[in-house]
Amino acid sequence: MDVVQAGPPVFRRVMLKLSGESFCRPGEGGIDVEEVSRIARQASRVAAKGVELAIVVGGGNILRGASLRGSEVIKEATAHYMGMTATVINGLALQDALETVGCATRLMTTIHMAEVAEPFIRRRALSHLAKGRVIILATGTGSPFVTTDTAAALRGKELGVEVILKATRVDGVYSADPEKNPHAVLYDQLKYDQVLREDLKVMDMTAIGMCLDNGLPILVFNFKKEGNIERAIAGEPIGTWIANIPRPRPIVGA
């Protein structure tokens, strides 16, 4: 496999948001080892460049709590807790995949699971990042009715990241669903208020509002293309930049 030669990083601390669907093949569920391995290879190369990397993982490939809404048997809050525990399964898989390629990691959760993960403590998480460890954040915020997108925005602010990298299977944010509308237009840059006004399906509105309030940029990009995580961190013009400030430019001549 060819190694992508991306330029030097323009960000030094980032949050990568991976949906549960990142861990399986399109249209399938569960965990696909090659999909997880591909993420791990890219993330490990990013960490090797000195970037402090935090990863929030979803769990929709195993169970999405909202899918049980309206059940007469399982309460909605319980369904959300079930979805949170699903993220731990993905976190464990990604942790092993990263360590297989020589990348030091820590899996942290907001629900107590001492046998498999550390509790999320902000100072401890910052210490791990400073020591070059990739931290994997599972169980979202630890509360029901809150998405892992919002968890990424919350932890991103808490940990002082410079950008949230929102990994998707399309090239960025479009004016319509590009998988259904071949005439959909890809946006290069958007401001938060446009995302909110047009109800563009980027992240949930709570997460967008939190990023707006804190001036935290979001880059929506296609992580399925090998090397795109590295390109994103190098400031290459991929995906859709969502912020009220211009996107950073690659470092020239480095």
# chains A, B, ... in the order shown; residues from 1 in each chain; ligands from 1
>>> select_by_dssp(residues="range 14-251 of chain A", states="strand (DSSP E)", output="MDAnalysis selection string")
chainID A and resid 14:18 52:57 105:109 118:119 134:138 163:168 189:190 218:222 240:242
>>> closest_atom_pairs(of="range 43-97 of chain A", to="range 223-234 of chain A", cutoff="10 Å", atoms="only C-alpha atoms", output="CSV")
residue,atom,partner,partner_atom,distance
A:Ala43,CA,A:Ile229,CA,7.3
A:Ser44,CA,A:Glu230,CA,9.9
A:Arg45,CA,A:Glu230,CA,7.6
A:Val46,CA,A:Glu230,CA,6.0
A:Ala47,CA,A:Glu230,CA,9.8
A:Lys49,CA,A:Glu230,CA,9.6
A:Val51,CA,A:Ile233,CA,8.5
>>> write_last_selection(atoms="N, CA and C atoms", output="short mmCIF file (atom, residue, chain, number, x, y, z; two decimals), in the first residue's frame")
data_model
loop_
_atom_site.label_atom_id
_atom_site.label_comp_id
_atom_site.auth_asym_id
_atom_site.auth_seq_id
_atom_site.Cartn_x
_atom_site.Cartn_y
_atom_site.Cartn_z
N ALA A 43 -4.32 7.00 11.62
CA ALA A 43 -4.20 7.68 12.90
C ALA A 43 -2.80 7.56 13.47
N SER A 44 -2.19 6.40 13.32
CA SER A 44 -0.85 6.20 13.86
C SER A 44 0.17 7.08 13.14
N ARG A 45 -0.01 7.27 11.83
CA ARG A 45 0.91 8.14 11.08
C ARG A 45 0.75 9.60 11.51
N VAL A 46 -0.48 9.98 11.80
CA VAL A 46 -0.73 11.34 12.30
C VAL A 46 -0.05 11.54 13.65
N ALA A 47 -0.22 10.58 14.55
CA ALA A 47 0.39 10.68 15.87
C ALA A 47 1.92 10.70 15.78
N LYS A 49 3.63 12.15 13.68
CA LYS A 49 4.07 13.50 13.30
C LYS A 49 3.99 14.48 14.46
N VAL A 51 1.23 15.10 16.31
CA VAL A 51 -0.12 15.65 16.52
C VAL A 51 -0.76 14.94 17.73
#
>>> residues_around(residues="range 78-92 of chain A", least_positions_apart="4", cutoff="9 Å", atoms="only C-alpha atoms", output="ChimeraX atom specification")
/A:20,23,31,36,56-69,74,96-97,107-109,111,116-117,136-146,148
>>> residues_around(residues="Arg106 in chain A", least_positions_apart="5", cutoff="7 Å", atoms="only C-alpha atoms", output="list of chain:residue names")
A:Arg133, A:Val134, A:Ile135, A:Ile136
>>> atom_distance(atom1="CA of Asp193 in chain A", atom2="CA of Phe221 in chain A")
19.6 Å
>>> closest_residue(among="A:Ile55, A:Cys211, A:Val101, A:Leu154", to="Leu129 in chain A", atoms="only C-alpha atoms")
A:Ile55
>>> select_by_dssp(residues="range 27-221 of chain A", states="helix (DSSP H, G or I)", output="PyMOL selection string")
chain A and resi 33-48+65-68+76-100+122-130+148-159+192-197+205-214
>>> atom_distance(atom1="CA of Phe11 in chain A", atom2="CA of Arg123 in chain A")
20.7 Å
>>> atom_distance(atom1="CA of Met203 in chain A", atom2="CA of Arg124 in chain A")
27.3 Å
>>> closest_residue(among="A:Leu196, A:Val163, A:Val185, A:Val73", to="Arg247 in chain A", atoms="only C-alpha atoms")
A:Val163
>>> residues_around(residues="Asn214 in chain A", least_positions_apart="4", cutoff="9 Å", atoms="only C-alpha atoms", output="JSON, numbers by chain")
{"A": [157, 209, 210]}
>>> residues_around(residues="Ala40 in chain A", least_positions_apart="5", cutoff="9 Å", atoms="only C-alpha atoms", output="ChimeraX atom specification")
/A:35,45,94-95,97-101,103
>>> write_last_selection(atoms="N, CA and C atoms", output="PDB file, in the first residue's frame")
ATOM      1  N   GLU A  35     -11.470  -2.425   7.916  1.00  0.00           N
ATOM      2  CA  GLU A  35     -11.896  -1.025   8.074  1.00  0.00           C
ATOM      3  C   GLU A  35     -11.241  -0.408   9.310  1.00  0.00           C
ATOM      4  N   ARG A  45      -0.010   7.273  11.826  1.00  0.00           N
ATOM      5  CA  ARG A  45       0.910   8.141  11.083  1.00  0.00           C
ATOM      6  C   ARG A  45       0.749   9.597  11.509  1.00  0.00           C
ATOM      7  N   LEU A  94     -10.598  -0.460  18.151  1.00  0.00           N
ATOM      8  CA  LEU A  94      -9.661   0.540  17.637  1.00  0.00           C
ATOM      9  C   LEU A  94      -8.396   0.598  18.475  1.00  0.00           C
ATOM     10  N   GLN A  95      -8.521   0.429  19.767  1.00  0.00           N
ATOM     11  CA  GLN A  95      -7.344   0.428  20.634  1.00  0.00           C
ATOM     12  C   GLN A  95      -6.382  -0.686  20.249  1.00  0.00           C
ATOM     13  N   ALA A  97      -6.218  -2.240  17.389  1.00  0.00           N
ATOM     14  CA  ALA A  97      -5.703  -1.993  16.042  1.00  0.00           C
ATOM     15  C   ALA A  97      -4.582  -0.966  16.066  1.00  0.00           C
ATOM     16  N   LEU A  98      -4.727   0.079  16.868  1.00  0.00           N
ATOM     17  CA  LEU A  98      -3.677   1.093  16.983  1.00  0.00           C
ATOM     18  C   LEU A  98      -2.421   0.515  17.628  1.00  0.00           C
ATOM     19  N   GLU A  99      -2.610  -0.261  18.666  1.00  0.00           N
ATOM     20  CA  GLU A  99      -1.440  -0.824  19.343  1.00  0.00           C
ATOM     21  C   GLU A  99      -0.746  -1.877  18.491  1.00  0.00           C
ATOM     22  N   THR A 100      -1.490  -2.525  17.600  1.00  0.00           N
ATOM     23  CA  THR A 100      -0.887  -3.486  16.680  1.00  0.00           C
ATOM     24  C   THR A 100       0.121  -2.809  15.751  1.00  0.00           C
ATOM     25  N   VAL A 101      -0.141  -1.542  15.409  1.00  0.00           N
ATOM     26  CA  VAL A 101       0.790  -0.811  14.540  1.00  0.00           C
ATOM     27  C   VAL A 101       1.738   0.075  15.348  1.00  0.00           C
ATOM     28  N   CYS A 103       1.183   2.101  18.111  1.00  0.00           N
ATOM     29  CA  CYS A 103       0.736   3.408  18.585  1.00  0.00           C
ATOM     30  C   CYS A 103       0.213   3.281  20.016  1.00  0.00           C
TER      31      CYS A 103
END
>>> residues_around(residues="Thr240 in chain A", least_positions_apart="2", cutoff="7 Å", atoms="only C-alpha atoms", output="list in words")
Gly172, Val173, Tyr187, Asp188, Gln189, Leu219, Val220, Phe221, Ile238 and Ile242 of chain A
>>> write_last_selection(atoms="N, CA and C atoms", output="PDB file, in the first residue's frame")
ATOM      1  N   GLY A 172     -17.662  15.718   1.752  1.00  0.00           N
ATOM      2  CA  GLY A 172     -17.893  16.898   2.570  1.00  0.00           C
ATOM      3  C   GLY A 172     -19.372  17.151   2.706  1.00  0.00           C
ATOM      4  N   VAL A 173     -19.738  18.421   2.870  1.00  0.00           N
ATOM      5  CA  VAL A 173     -21.141  18.805   3.009  1.00  0.00           C
ATOM      6  C   VAL A 173     -21.669  19.245   1.650  1.00  0.00           C
ATOM      7  N   TYR A 187     -19.922  22.012  -0.839  1.00  0.00           N
ATOM      8  CA  TYR A 187     -19.483  23.279  -0.255  1.00  0.00           C
ATOM      9  C   TYR A 187     -18.019  23.195   0.141  1.00  0.00           C
ATOM     10  N   ASP A 188     -17.257  24.244  -0.182  1.00  0.00           N
ATOM     11  CA  ASP A 188     -15.870  24.311   0.260  1.00  0.00           C
ATOM     12  C   ASP A 188     -15.792  24.836   1.686  1.00  0.00           C
ATOM     13  N   GLN A 189     -16.597  25.859   1.995  1.00  0.00           N
ATOM     14  CA  GLN A 189     -16.599  26.457   3.321  1.00  0.00           C
ATOM     15  C   GLN A 189     -18.002  26.925   3.667  1.00  0.00           C
ATOM     16  N   LEU A 219     -14.193  20.256  10.328  1.00  0.00           N
ATOM     17  CA  LEU A 219     -13.847  19.873   8.958  1.00  0.00           C
ATOM     18  C   LEU A 219     -14.524  18.548   8.654  1.00  0.00           C
ATOM     19  N   VAL A 220     -15.449  18.573   7.711  1.00  0.00           N
ATOM     20  CA  VAL A 220     -16.166  17.365   7.296  1.00  0.00           C
ATOM     21  C   VAL A 220     -15.477  16.828   6.052  1.00  0.00           C
ATOM     22  N   PHE A 221     -15.022  15.587   6.088  1.00  0.00           N
ATOM     23  CA  PHE A 221     -14.230  15.056   4.977  1.00  0.00           C
ATOM     24  C   PHE A 221     -14.452  13.561   4.827  1.00  0.00           C
ATOM     25  N   ILE A 238      -9.310  19.782   1.353  1.00  0.00           N
ATOM     26  CA  ILE A 238     -10.272  18.695   1.172  1.00  0.00           C
ATOM     27  C   ILE A 238     -11.476  18.957   2.068  1.00  0.00           C
ATOM     28  N   ILE A 242     -16.103  24.293   8.239  1.00  0.00           N
ATOM     29  CA  ILE A 242     -17.217  24.997   8.863  1.00  0.00           C
ATOM     30  C   ILE A 242     -16.681  25.838  10.016  1.00  0.00           C
TER      31      ILE A 242
END
